[in-house]
$ cat run-v5.pdb   # PDB, C-alpha atoms and all ligand atoms
ATOM      1  CA  MET A  24      96.602 116.227  85.452  1.00  0.00           C
ATOM      2  CA  ASN A  25      93.661 117.557  87.477  1.00  0.00           C
ATOM      3  CA  SER A  26      92.362 116.082  90.742  1.00  0.00           C
ATOM      4  CA  LYS A  27      89.574 114.085  89.074  1.00  0.00           C
ATOM      5  CA  LYS A  28      91.966 112.486  86.564  1.00  0.00           C
ATOM      6  CA  TYR A  29      94.461 111.793  89.346  1.00  0.00           C
ATOM      7  CA  PHE A  30      91.885 109.890  91.431  1.00  0.00           C
ATOM      8  CA  GLU A  31      90.631 108.010  88.353  1.00  0.00           C
ATOM      9  CA  SER A  32      94.235 106.923  87.729  1.00  0.00           C
ATOM     10  CA  VAL A  33      94.852 105.657  91.291  1.00  0.00           C
ATOM     11  CA  ALA A  34      91.403 104.091  91.893  1.00  0.00           C
ATOM     12  CA  SER A  35      92.492 100.478  91.416  1.00  0.00           C
ATOM     13  CA  HIS A  36      95.267 100.754  94.014  1.00  0.00           C
ATOM     14  CA  TRP A  37      93.789 103.400  96.346  1.00  0.00           C
ATOM     15  CA  ASP A  38      92.992 100.860  99.094  1.00  0.00           C
ATOM     16  CA  LYS A  39      96.681  99.959  99.365  1.00  0.00           C
ATOM     17  CA  MET A  40      97.737 103.623  99.244  1.00  0.00           C
ATOM     18  CA  GLN A  41      95.178 104.605 101.870  1.00  0.00           C
ATOM     19  CA  LYS A  42      96.428 101.910 104.264  1.00  0.00           C
ATOM     20  CA  SER A  43      99.945 103.353 103.994  1.00  0.00           C
ATOM     21  CA  PHE A  44      98.666 106.890 104.835  1.00  0.00           C
ATOM     22  CA  PHE A  45      96.453 106.258 107.907  1.00  0.00           C
ATOM     23  CA  ASP A  46      94.631 103.404 109.611  1.00  0.00           C
ATOM     24  CA  GLU A  47      91.201 102.362 110.885  1.00  0.00           C
ATOM     25  CA  ASN A  48      91.666 104.233 114.181  1.00  0.00           C
ATOM     26  CA  VAL A  49      90.816 107.456 112.333  1.00  0.00           C
ATOM     27  CA  ARG A  50      87.339 106.284 111.381  1.00  0.00           C
ATOM     28  CA  GLU A  51      86.686 104.349 114.610  1.00  0.00           C
ATOM     29  CA  LYS A  52      87.504 107.445 116.712  1.00  0.00           C
ATOM     30  CA  ALA A  53      85.320 109.595 114.449  1.00  0.00           C
ATOM     31  CA  PHE A  54      82.389 107.166 114.818  1.00  0.00           C
ATOM     32  CA  GLU A  55      82.834 107.115 118.619  1.00  0.00           C
ATOM     33  CA  ILE A  56      82.808 110.919 118.816  1.00  0.00           C
ATOM     34  CA  ALA A  57      79.739 111.112 116.543  1.00  0.00           C
ATOM     35  CA  GLN A  58      78.012 108.312 118.521  1.00  0.00           C
ATOM     36  CA  THR A  59      76.645 106.796 115.312  1.00  0.00           C
ATOM     37  CA  GLN A  60      73.395 104.889 115.703  1.00  0.00           C
ATOM     38  CA  PRO A  61      72.441 101.743 113.748  1.00  0.00           C
ATOM     39  CA  GLY A  62      69.618 102.405 111.278  1.00  0.00           C
ATOM     40  CA  ASN A  63      70.630 106.028 110.687  1.00  0.00           C
ATOM     41  CA  LEU A  64      71.464 107.413 107.246  1.00  0.00           C
ATOM     42  CA  ALA A  65      74.915 108.934 106.641  1.00  0.00           C
ATOM     43  CA  ALA A  66      76.564 110.611 103.664  1.00  0.00           C
ATOM     44  CA  ASP A  67      80.232 109.850 102.966  1.00  0.00           C
ATOM     45  CA  ILE A  68      81.518 112.802 100.924  1.00  0.00           C
ATOM     46  CA  GLY A  69      84.699 112.294  98.883  1.00  0.00           C
ATOM     47  CA  ALA A  70      84.037 108.646  99.682  1.00  0.00           C
ATOM     48  CA  GLY A  71      86.801 107.291  97.457  1.00  0.00           C
ATOM     49  CA  THR A  72      86.832 103.497  97.597  1.00  0.00           C
ATOM     50  CA  GLY A  73      84.805 103.457 100.822  1.00  0.00           C
ATOM     51  CA  PHE A  74      87.119 103.700 103.841  1.00  0.00           C
ATOM     52  CA  ILE A  75      84.429 105.524 105.854  1.00  0.00           C
ATOM     53  CA  THR A  76      81.461 103.806 104.155  1.00  0.00           C
ATOM     54  CA  GLU A  77      82.783 100.363 105.064  1.00  0.00           C
ATOM     55  CA  GLY A  78      83.040 101.301 108.747  1.00  0.00           C
ATOM     56  CA  LEU A  79      79.572 102.862 108.784  1.00  0.00           C
ATOM     57  CA  VAL A  80      77.967  99.779 107.211  1.00  0.00           C
ATOM     58  CA  ALA A  81      79.707  97.587 109.813  1.00  0.00           C
ATOM     59  CA  ARG A  82      78.031  99.781 112.458  1.00  0.00           C
ATOM     60  CA  GLY A  83      74.588  99.236 110.932  1.00  0.00           C
ATOM     61  CA  LEU A  84      74.122 102.548 109.101  1.00  0.00           C
ATOM     62  CA  LYS A  85      72.935 103.102 105.543  1.00  0.00           C
ATOM     63  CA  VAL A  86      75.209 105.283 103.429  1.00  0.00           C
ATOM     64  CA  ILE A  87      75.013 107.599 100.437  1.00  0.00           C
ATOM     65  CA  ALA A  88      78.572 107.651  99.070  1.00  0.00           C
ATOM     66  CA  ILE A  89      79.499 110.620  96.884  1.00  0.00           C
ATOM     67  CA  ASP A  90      82.654 111.209  94.881  1.00  0.00           C
ATOM     68  CA  GLN A  91      83.725 113.129  91.773  1.00  0.00           C
ATOM     69  CA  SER A  92      85.453 109.987  90.490  1.00  0.00           C
ATOM     70  CA  ALA A  93      83.344 107.223  88.925  1.00  0.00           C
ATOM     71  CA  GLY A  94      86.453 104.995  89.037  1.00  0.00           C
ATOM     72  CA  MET A  95      86.803 105.298  92.830  1.00  0.00           C
ATOM     73  CA  LEU A  96      83.069 104.601  93.275  1.00  0.00           C
ATOM     74  CA  LYS A  97      83.294 101.554  90.996  1.00  0.00           C
ATOM     75  CA  VAL A  98      85.825 100.006  93.386  1.00  0.00           C
ATOM     76  CA  LEU A  99      83.617 100.982  96.348  1.00  0.00           C
ATOM     77  CA  LYS A 100      80.551  99.397  94.704  1.00  0.00           C
ATOM     78  CA  SER A 101      82.387  96.128  94.080  1.00  0.00           C
ATOM     79  CA  LYS A 102      82.704  95.754  97.870  1.00  0.00           C
ATOM     80  CA  PHE A 103      78.972  96.189  98.509  1.00  0.00           C
ATOM     81  CA  MET A 104      77.386  94.178  95.710  1.00  0.00           C
ATOM     82  CA  LEU A 105      74.792  92.651  98.006  1.00  0.00           C
ATOM     83  CA  GLY A 106      71.979  94.526  99.729  1.00  0.00           C
ATOM     84  CA  ASP A 107      70.751  98.099  99.644  1.00  0.00           C
ATOM     85  CA  LYS A 108      72.990  99.559 102.347  1.00  0.00           C
ATOM     86  CA  VAL A 109      75.073 101.776 100.044  1.00  0.00           C
ATOM     87  CA  ASP A 110      73.866 104.185  97.379  1.00  0.00           C
ATOM     88  CA  CYS A 111      76.751 105.496  95.213  1.00  0.00           C
ATOM     89  CA  ARG A 112      76.402 108.834  93.409  1.00  0.00           C
ATOM     90  CA  VAL A 113      78.919 110.691  91.273  1.00  0.00           C
ATOM     91  CA  GLY A 114      78.912 114.341  92.340  1.00  0.00           C
ATOM     92  CA  GLU A 115      80.915 117.491  92.945  1.00  0.00           C
ATOM     93  CA  ALA A 116      81.667 119.411  96.149  1.00  0.00           C
ATOM     94  CA  GLU A 117      79.768 122.536  95.039  1.00  0.00           C
ATOM     95  CA  LYS A 118      76.534 120.675  94.166  1.00  0.00           C
ATOM     96  CA  LEU A 119      76.124 117.444  96.101  1.00  0.00           C
ATOM     97  CA  PRO A 120      73.440 115.189  94.555  1.00  0.00           C
ATOM     98  CA  ILE A 121      71.413 114.916  97.785  1.00  0.00           C
ATOM     99  CA  GLU A 122      68.333 116.925  98.733  1.00  0.00           C
ATOM    100  CA  ASP A 123      68.216 119.393 101.666  1.00  0.00           C
ATOM    101  CA  ASN A 124      67.772 118.056 105.235  1.00  0.00           C
ATOM    102  CA  ARG A 125      68.216 114.412 104.208  1.00  0.00           C
ATOM    103  CA  VAL A 126      70.899 112.664 106.312  1.00  0.00           C
ATOM    104  CA  ASP A 127      71.658 112.140 110.012  1.00  0.00           C
ATOM    105  CA  TYR A 128      75.436 112.411 109.559  1.00  0.00           C
ATOM    106  CA  VAL A 129      77.874 113.726 106.992  1.00  0.00           C
ATOM    107  CA  PHE A 130      81.389 112.290 107.131  1.00  0.00           C
ATOM    108  CA  ALA A 131      84.258 113.657 105.030  1.00  0.00           C
ATOM    109  CA  ASN A 132      87.650 112.026 105.520  1.00  0.00           C
ATOM    110  CA  MET A 133      90.714 113.530 103.770  1.00  0.00           C
ATOM    111  CA  TYR A 134      88.405 115.295 101.329  1.00  0.00           C
ATOM    112  CA  LEU A 135      88.468 118.958 102.360  1.00  0.00           C
ATOM    113  CA  HIS A 136      92.108 119.553 101.371  1.00  0.00           C
ATOM    114  CA  HIS A 137      91.187 118.562  97.787  1.00  0.00           C
ATOM    115  CA  VAL A 138      88.268 120.925  97.179  1.00  0.00           C
ATOM    116  CA  LYS A 139      88.472 124.336  95.516  1.00  0.00           C
ATOM    117  CA  SER A 140      86.587 126.227  98.237  1.00  0.00           C
ATOM    118  CA  PRO A 141      86.548 124.587 101.690  1.00  0.00           C
ATOM    119  CA  PRO A 142      83.997 127.090 103.152  1.00  0.00           C
ATOM    120  CA  LYS A 143      81.590 126.453 100.242  1.00  0.00           C
ATOM    121  CA  ALA A 144      82.066 122.682 100.521  1.00  0.00           C
ATOM    122  CA  ILE A 145      81.259 122.874 104.245  1.00  0.00           C
ATOM    123  CA  LYS A 146      78.070 124.908 103.607  1.00  0.00           C
ATOM    124  CA  GLU A 147      77.017 122.340 101.003  1.00  0.00           C
ATOM    125  CA  MET A 148      77.575 119.468 103.454  1.00  0.00           C
ATOM    126  CA  ALA A 149      75.575 121.346 106.116  1.00  0.00           C
ATOM    127  CA  ARG A 150      72.714 121.792 103.615  1.00  0.00           C
ATOM    128  CA  ILE A 151      72.081 118.043 103.311  1.00  0.00           C
ATOM    129  CA  LEU A 152      72.033 117.439 107.097  1.00  0.00           C
ATOM    130  CA  LYS A 153      68.704 116.992 108.868  1.00  0.00           C
ATOM    131  CA  PRO A 154      68.117 119.444 111.722  1.00  0.00           C
ATOM    132  CA  GLY A 155      69.966 117.846 114.649  1.00  0.00           C
ATOM    133  CA  GLY A 156      72.304 115.992 112.270  1.00  0.00           C
ATOM    134  CA  MET A 157      76.075 116.092 112.645  1.00  0.00           C
ATOM    135  CA  LEU A 158      78.927 117.013 110.297  1.00  0.00           C
ATOM    136  CA  VAL A 159      82.190 115.162 110.995  1.00  0.00           C
ATOM    137  CA  ILE A 160      85.314 116.195 109.094  1.00  0.00           C
ATOM    138  CA  THR A 161      88.651 114.448 109.564  1.00  0.00           C
ATOM    139  CA  ASP A 162      91.528 116.119 107.756  1.00  0.00           C
ATOM    140  CA  ILE A 163      95.119 117.267 108.131  1.00  0.00           C
ATOM    141  CA  ASP A 164      96.593 120.184 110.039  1.00  0.00           C
ATOM    142  CA  GLU A 165      98.605 122.845 108.228  1.00  0.00           C
ATOM    143  CA  HIS A 166     101.980 121.467 107.003  1.00  0.00           C
ATOM    144  CA  GLU A 167     104.958 122.313 104.770  1.00  0.00           C
ATOM    145  CA  PHE A 168     105.266 119.222 102.585  1.00  0.00           C
ATOM    146  CA  GLU A 169     105.129 120.527  98.997  1.00  0.00           C
ATOM    147  CA  PHE A 170     105.324 117.016  97.542  1.00  0.00           C
ATOM    148  CA  LEU A 171     101.800 116.302  98.820  1.00  0.00           C
ATOM    149  CA  LYS A 172     100.660 118.956  96.335  1.00  0.00           C
ATOM    150  CA  THR A 173     102.903 117.991  93.427  1.00  0.00           C
ATOM    151  CA  GLU A 174     102.705 114.200  93.787  1.00  0.00           C
ATOM    152  CA  HIS A 175      99.333 113.585  95.530  1.00  0.00           C
ATOM    153  CA  HIS A 176      97.381 116.453  93.984  1.00  0.00           C
ATOM    154  CA  ASP A 177      96.461 117.991  97.354  1.00  0.00           C
ATOM    155  CA  ARG A 178      95.026 121.469  96.722  1.00  0.00           C
ATOM    156  CA  TRP A 179      95.548 122.781 100.287  1.00  0.00           C
ATOM    157  CA  MET A 180      98.578 122.170 102.498  1.00  0.00           C
ATOM    158  CA  GLY A 181      96.320 121.243 105.420  1.00  0.00           C
ATOM    159  CA  PHE A 182      94.357 123.746 107.493  1.00  0.00           C
ATOM    160  CA  LYS A 183      94.590 125.987 110.532  1.00  0.00           C
ATOM    161  CA  ARG A 184      92.034 124.667 113.030  1.00  0.00           C
ATOM    162  CA  LYS A 185      90.718 128.169 113.727  1.00  0.00           C
ATOM    163  CA  ASP A 186      89.860 128.568 110.005  1.00  0.00           C
ATOM    164  CA  VAL A 187      87.955 125.290 109.985  1.00  0.00           C
ATOM    165  CA  GLU A 188      86.097 126.355 113.138  1.00  0.00           C
ATOM    166  CA  LYS A 189      85.139 129.654 111.463  1.00  0.00           C
ATOM    167  CA  TRP A 190      83.846 127.855 108.350  1.00  0.00           C
ATOM    168  CA  LEU A 191      81.641 125.554 110.453  1.00  0.00           C
ATOM    169  CA  ASP A 192      80.306 128.597 112.336  1.00  0.00           C
ATOM    170  CA  GLU A 193      79.615 130.370 109.030  1.00  0.00           C
ATOM    171  CA  ALA A 194      77.656 127.298 107.892  1.00  0.00           C
ATOM    172  CA  ASN A 195      75.378 127.959 110.907  1.00  0.00           C
ATOM    173  CA  LEU A 196      76.376 124.761 112.687  1.00  0.00           C
ATOM    174  CA  MET A 197      76.149 124.586 116.481  1.00  0.00           C
ATOM    175  CA  ASP A 198      78.365 123.064 119.189  1.00  0.00           C
ATOM    176  CA  VAL A 199      81.320 123.448 116.822  1.00  0.00           C
ATOM    177  CA  SER A 200      84.535 121.762 117.887  1.00  0.00           C
ATOM    178  CA  VAL A 201      87.885 121.232 116.139  1.00  0.00           C
ATOM    179  CA  ASP A 202      90.188 118.955 118.061  1.00  0.00           C
ATOM    180  CA  CYS A 203      93.069 116.526 117.844  1.00  0.00           C
ATOM    181  CA  ILE A 204      92.112 112.937 117.043  1.00  0.00           C
ATOM    182  CA  GLY A 205      95.506 111.553 118.098  1.00  0.00           C
ATOM    183  CA  GLU A 206      96.320 110.079 114.677  1.00  0.00           C
ATOM    184  CA  THR A 207      98.693 111.046 111.865  1.00  0.00           C
ATOM    185  CA  CYS A 208      98.680 110.919 108.084  1.00  0.00           C
ATOM    186  CA  CYS A 209     102.017 109.661 106.714  1.00  0.00           C
ATOM    187  CA  ALA A 210     103.453 109.639 103.189  1.00  0.00           C
ATOM    188  CA  GLU A 211     106.835 109.355 101.506  1.00  0.00           C
ATOM    189  CA  SER A 212     107.886 111.345  98.444  1.00  0.00           C
ATOM    190  CA  ASN A 213     108.562 109.454  95.206  1.00  0.00           C
ATOM    191  CA  SER A 214     112.281 110.151  95.477  1.00  0.00           C
ATOM    192  CA  GLY A 215     112.291 108.775  99.031  1.00  0.00           C
ATOM    193  CA  SER A 216     114.030 111.943 100.235  1.00  0.00           C
ATOM    194  CA  GLU A 217     111.055 113.331 102.202  1.00  0.00           C
ATOM    195  CA  LYS A 218     108.720 111.748 104.713  1.00  0.00           C
ATOM    196  CA  ALA A 219     105.579 113.560 105.819  1.00  0.00           C
ATOM    197  CA  SER A 220     103.853 112.883 109.114  1.00  0.00           C
ATOM    198  CA  VAL A 221     100.981 115.295 109.669  1.00  0.00           C
ATOM    199  CA  SER A 222      98.560 115.356 112.599  1.00  0.00           C
ATOM    200  CA  ILE A 223      94.868 114.796 111.876  1.00  0.00           C
ATOM    201  CA  PHE A 224      92.072 116.945 113.351  1.00  0.00           C
ATOM    202  CA  ILE A 225      88.403 116.153 113.810  1.00  0.00           C
ATOM    203  CA  ALA A 226      85.880 118.945 113.242  1.00  0.00           C
ATOM    204  CA  THR A 227      82.269 118.467 114.328  1.00  0.00           C
ATOM    205  CA  GLY A 228      79.157 120.612 114.295  1.00  0.00           C
ATOM    206  CA  LYS A 229      75.412 120.051 114.622  1.00  0.00           C
ATOM    207  CA  LYS A 230      72.665 121.533 112.459  1.00  0.00           C
TER     208      LYS A 230
HETATM  209  C1  LIG B 301      92.239 111.526  99.582  1.00  0.00           C
HETATM  210  S1  LIG B 301      90.837 110.786  98.859  1.00  0.00           S
HETATM  211  C2  LIG B 301      89.980 110.210 100.312  1.00  0.00           C
HETATM  212  C3  LIG B 301      89.023 109.083  99.995  1.00  0.00           C
HETATM  213  C4  LIG B 301      88.337 108.468 101.213  1.00  0.00           C
HETATM  214  N1  LIG B 301      87.520 109.427 101.919  1.00  0.00           N
HETATM  215  C5  LIG B 301      89.351 107.831 102.138  1.00  0.00           C
HETATM  216  O1  LIG B 301      89.418 108.219 103.301  1.00  0.00           O
HETATM  217  O2  LIG B 301      90.048 106.897 101.693  1.00  0.00           O
HETATM  218  C6  LIG B 301      89.853 112.205  98.376  1.00  0.00           C
HETATM  219  C7  LIG B 301      88.609 111.828  97.610  1.00  0.00           C
HETATM  220  O3  LIG B 301      87.825 113.025  97.429  1.00  0.00           O
HETATM  221  C8  LIG B 301      87.363 113.070  96.091  1.00  0.00           C
HETATM  222  N2  LIG B 301      87.201 114.479  95.715  1.00  0.00           N
HETATM  223  C9  LIG B 301      88.185 115.411  95.606  1.00  0.00           C
HETATM  224  N3  LIG B 301      87.692 116.596  95.226  1.00  0.00           N
HETATM  225  C10 LIG B 301      86.351 116.421  95.064  1.00  0.00           C
HETATM  226  C11 LIG B 301      85.283 117.282  94.673  1.00  0.00           C
HETATM  227  N4  LIG B 301      85.509 118.549  94.358  1.00  0.00           N
HETATM  228  N5  LIG B 301      84.034 116.770  94.611  1.00  0.00           N
HETATM  229  C12 LIG B 301      83.809 115.460  94.935  1.00  0.00           C
HETATM  230  N6  LIG B 301      84.780 114.591  95.311  1.00  0.00           N
HETATM  231  C13 LIG B 301      86.038 115.067  95.385  1.00  0.00           C
HETATM  232  C14 LIG B 301      88.436 112.361  95.272  1.00  0.00           C
HETATM  233  O4  LIG B 301      87.957 111.893  94.032  1.00  0.00           O
HETATM  234  C15 LIG B 301      88.887 111.258  96.230  1.00  0.00           C
HETATM  235  O5  LIG B 301      88.186 110.070  96.030  1.00  0.00           O
END
$ encode --input "run-v5.pdb" --output "structure tokens"
Amino acid sequence: MNSKKYFESVASHWDKMQKSFFDENVREKAFEIAQTQPGNLAADIGAGTGFITEGLVARGLKVIAIDQSAGMLKVLKSKFMLGDKVDCRVGEAEKLPIEDNRVDYVFANMYLHHVKSPPKAIKEMARILKPGGMLVITDIDEHEFEFLKTEHHDRWMGFKRKDVEKWLDEANLMDVSVDCIGETCCAESNSGSEKASVSIFIATGKK
């Protein structure tokens, strides 16, 4: 099963799964660091069922939510039936369906370790930022839990922070920082024999 099929298959119970992996502190800390402003436009890349989107809307932002999985976005849409605050678009990491210089923020939570080429995905996210806009990536540090690949379809076993920093630099972002957010991502293997607890980093850069 590929990543797209995997996320289609878990879409209806992703909210429950997500809550068992990490909690709202991840997004609230990311929003604090980014100093999000009501009325601004953000993109939520690899939006899934809307963990980040939901928090951004609560803070008064409008959101373009992008994901490869129509099933995940269908669940997201069902939460925002009213109003014009969220625009959902099916799209891929290499060719995001948003024009250049469009959004004030790009958020990507637990998305980067699923994409084929993290440096290319970062350049693509930088492309859609307005000058002065901020990229905010929250993802997992390098780890050794194979079952996250075999059971959760992770493509990368987390990242070295210095690699992420280099990729943001190569995307011509400024004031680049990759730091601890003080939160962990937790999961248990299907057999129950392994428990992963991996620290989460926050990477930011301005266009
Ligand atoms: C681990 S989930 C995270 C979802 C959400 N951001 C959250 O925090 O709950 C990763 C999401 O990224 C999407 N994704 C993975 N690879 C992608 C790609 N190449 N292009 C677009 N979306 C992708 C998946 O479909 C999935 O919804």
$ resolve_selection --input "run-v5.pdb" --expression "the PyMOL selection byres (((chain A and resi 153) around 8) and not hetatm)" --output "PDB file with C-alpha atoms, in the frame of the given file"
ATOM      1  CA  ASP A 123      68.216 119.393 101.666  1.00  0.00           C
ATOM      2  CA  ASN A 124      67.772 118.056 105.235  1.00  0.00           C
ATOM      3  CA  ARG A 125      68.216 114.412 104.208  1.00  0.00           C
ATOM      4  CA  VAL A 126      70.899 112.664 106.312  1.00  0.00           C
ATOM      5  CA  ASP A 127      71.658 112.140 110.012  1.00  0.00           C
ATOM      6  CA  ILE A 151      72.081 118.043 103.311  1.00  0.00           C
ATOM      7  CA  LEU A 152      72.033 117.439 107.097  1.00  0.00           C
ATOM      8  CA  PRO A 154      68.117 119.444 111.722  1.00  0.00           C
ATOM      9  CA  GLY A 155      69.966 117.846 114.649  1.00  0.00           C
ATOM     10  CA  GLY A 156      72.304 115.992 112.270  1.00  0.00           C
ATOM     11  CA  LYS A 230      72.665 121.533 112.459  1.00  0.00           C
TER      12      LYS A 230
END
$ residues_near_ligand --input "run-v5.pdb" --ligand "ligand LIG 301 (chain B)" --cutoff "9 Å" --atoms "all atoms listed in the file" --output "PDB file with C-alpha atoms, in the coordinates of the input"
ATOM      1  CA  SER A  26      92.362 116.082  90.742  1.00  0.00           C
ATOM      2  CA  LYS A  27      89.574 114.085  89.074  1.00  0.00           C
ATOM      3  CA  LYS A  28      91.966 112.486  86.564  1.00  0.00           C
ATOM      4  CA  TYR A  29      94.461 111.793  89.346  1.00  0.00           C
ATOM      5  CA  PHE A  30      91.885 109.890  91.431  1.00  0.00           C
ATOM      6  CA  GLU A  31      90.631 108.010  88.353  1.00  0.00           C
ATOM      7  CA  ALA A  34      91.403 104.091  91.893  1.00  0.00           C
ATOM      8  CA  TRP A  37      93.789 103.400  96.346  1.00  0.00           C
ATOM      9  CA  ASP A  38      92.992 100.860  99.094  1.00  0.00           C
ATOM     10  CA  MET A  40      97.737 103.623  99.244  1.00  0.00           C
ATOM     11  CA  GLN A  41      95.178 104.605 101.870  1.00  0.00           C
ATOM     12  CA  LYS A  42      96.428 101.910 104.264  1.00  0.00           C
ATOM     13  CA  PHE A  45      96.453 106.258 107.907  1.00  0.00           C
ATOM     14  CA  ARG A  50      87.339 106.284 111.381  1.00  0.00           C
ATOM     15  CA  ASP A  67      80.232 109.850 102.966  1.00  0.00           C
ATOM     16  CA  ILE A  68      81.518 112.802 100.924  1.00  0.00           C
ATOM     17  CA  GLY A  69      84.699 112.294  98.883  1.00  0.00           C
ATOM     18  CA  ALA A  70      84.037 108.646  99.682  1.00  0.00           C
ATOM     19  CA  GLY A  71      86.801 107.291  97.457  1.00  0.00           C
ATOM     20  CA  THR A  72      86.832 103.497  97.597  1.00  0.00           C
ATOM     21  CA  GLY A  73      84.805 103.457 100.822  1.00  0.00           C
ATOM     22  CA  PHE A  74      87.119 103.700 103.841  1.00  0.00           C
ATOM     23  CA  ILE A  75      84.429 105.524 105.854  1.00  0.00           C
ATOM     24  CA  THR A  76      81.461 103.806 104.155  1.00  0.00           C
ATOM     25  CA  ILE A  89      79.499 110.620  96.884  1.00  0.00           C
ATOM     26  CA  ASP A  90      82.654 111.209  94.881  1.00  0.00           C
ATOM     27  CA  GLN A  91      83.725 113.129  91.773  1.00  0.00           C
ATOM     28  CA  SER A  92      85.453 109.987  90.490  1.00  0.00           C
ATOM     29  CA  ALA A  93      83.344 107.223  88.925  1.00  0.00           C
ATOM     30  CA  GLY A  94      86.453 104.995  89.037  1.00  0.00           C
ATOM     31  CA  MET A  95      86.803 105.298  92.830  1.00  0.00           C
ATOM     32  CA  LEU A  96      83.069 104.601  93.275  1.00  0.00           C
ATOM     33  CA  VAL A 113      78.919 110.691  91.273  1.00  0.00           C
ATOM     34  CA  GLY A 114      78.912 114.341  92.340  1.00  0.00           C
ATOM     35  CA  GLU A 115      80.915 117.491  92.945  1.00  0.00           C
ATOM     36  CA  ALA A 116      81.667 119.411  96.149  1.00  0.00           C
ATOM     37  CA  GLU A 117      79.768 122.536  95.039  1.00  0.00           C
ATOM     38  CA  LYS A 118      76.534 120.675  94.166  1.00  0.00           C
ATOM     39  CA  LEU A 119      76.124 117.444  96.101  1.00  0.00           C
ATOM     40  CA  PHE A 130      81.389 112.290 107.131  1.00  0.00           C
ATOM     41  CA  ALA A 131      84.258 113.657 105.030  1.00  0.00           C
ATOM     42  CA  ASN A 132      87.650 112.026 105.520  1.00  0.00           C
ATOM     43  CA  MET A 133      90.714 113.530 103.770  1.00  0.00           C
ATOM     44  CA  TYR A 134      88.405 115.295 101.329  1.00  0.00           C
ATOM     45  CA  LEU A 135      88.468 118.958 102.360  1.00  0.00           C
ATOM     46  CA  HIS A 136      92.108 119.553 101.371  1.00  0.00           C
ATOM     47  CA  HIS A 137      91.187 118.562  97.787  1.00  0.00           C
ATOM     48  CA  VAL A 138      88.268 120.925  97.179  1.00  0.00           C
ATOM     49  CA  LYS A 139      88.472 124.336  95.516  1.00  0.00           C
ATOM     50  CA  SER A 140      86.587 126.227  98.237  1.00  0.00           C
ATOM     51  CA  ALA A 144      82.066 122.682 100.521  1.00  0.00           C
ATOM     52  CA  THR A 161      88.651 114.448 109.564  1.00  0.00           C
ATOM     53  CA  HIS A 175      99.333 113.585  95.530  1.00  0.00           C
ATOM     54  CA  ASP A 177      96.461 117.991  97.354  1.00  0.00           C
ATOM     55  CA  ARG A 178      95.026 121.469  96.722  1.00  0.00           C
TER      56      ARG A 178
END
$ resolve_selection --input "run-v5.pdb" --expression "the PyMOL selection byres (((chain A and resi 223) around 8) and not hetatm)" --output "list in words"
Thr161, Asp162, Ile163, Asp164, Cys203, Ile204, Gly205, Glu206, Thr207, Cys208, Val221, Ser222, Phe224 and Ile225 of chain A
$ atom_distance --input "run-v5.pdb" --atom1 "atom CA of Glu211 of chain A" --atom2 "atom CA of Glu169 of chain A"
11.6 Å
$ closest_residue --input "run-v5.pdb" --among "A:Leu171, A:Met197, A:Val33, A:Ile56" --to "Glu217 of chain A" --atoms "all atoms listed in the file"
A:Leu171
$ closest_residue --input "run-v5.pdb" --among "A:Lys189, A:Tyr128, A:Glu167, A:Glu122" --to "Phe54 of chain A" --atoms "all atoms listed in the file"
A:Tyr128
$ build_atoms --input "run-v5.pdb" --residues "segment 92-99 of chain A" --atoms "N, CA, C and O atoms" --output "JSON list (two decimals), in the coordinates of the input"
[["chain", "number", "residue", "atom", "x", "y", "z"],
["A", 92, "SER", "N", 84.83, 111.00, 91.34],
["A", 92, "SER", "CA", 85.45, 109.99, 90.49],
["A", 92, "SER", "C", 84.61, 108.71, 90.38],
["A", 92, "SER", "O", 84.42, 107.99, 91.36],
["A", 93, "ALA", "N", 84.13, 108.44, 89.16],
["A", 93, "ALA", "CA", 83.34, 107.22, 88.92],
["A", 93, "ALA", "C", 84.22, 105.99, 89.15],
["A", 93, "ALA", "O", 83.75, 104.95, 89.61],
["A", 94, "GLY", "N", 85.53, 106.12, 88.87],
["A", 94, "GLY", "CA", 86.45, 105.00, 89.04],
["A", 94, "GLY", "C", 86.59, 104.60, 90.50],
["A", 94, "GLY", "O", 86.59, 103.41, 90.84],
["A", 95, "MET", "N", 86.71, 105.59, 91.39],
["A", 95, "MET", "CA", 86.80, 105.30, 92.83],
["A", 95, "MET", "C", 85.51, 104.63, 93.30],
["A", 95, "MET", "O", 85.52, 103.63, 94.02],
["A", 96, "LEU", "N", 84.36, 105.16, 92.84],
["A", 96, "LEU", "CA", 83.07, 104.60, 93.28],
["A", 96, "LEU", "C", 82.85, 103.19, 92.72],
["A", 96, "LEU", "O", 82.19, 102.37, 93.36],
["A", 97, "LYS", "N", 83.43, 102.90, 91.57],
["A", 97, "LYS", "CA", 83.29, 101.55, 91.00],
["A", 97, "LYS", "C", 83.97, 100.53, 91.92],
["A", 97, "LYS", "O", 83.42, 99.46, 92.19],
["A", 98, "VAL", "N", 85.13, 100.90, 92.45],
["A", 98, "VAL", "CA", 85.82, 100.01, 93.39],
["A", 98, "VAL", "C", 84.99, 99.87, 94.66],
["A", 98, "VAL", "O", 84.80, 98.77, 95.19],
["A", 99, "LEU", "N", 84.46, 101.01, 95.14],
["A", 99, "LEU", "CA", 83.62, 100.98, 96.35],
["A", 99, "LEU", "C", 82.42, 100.04, 96.14],
["A", 99, "LEU", "O", 82.16, 99.17, 96.96]]
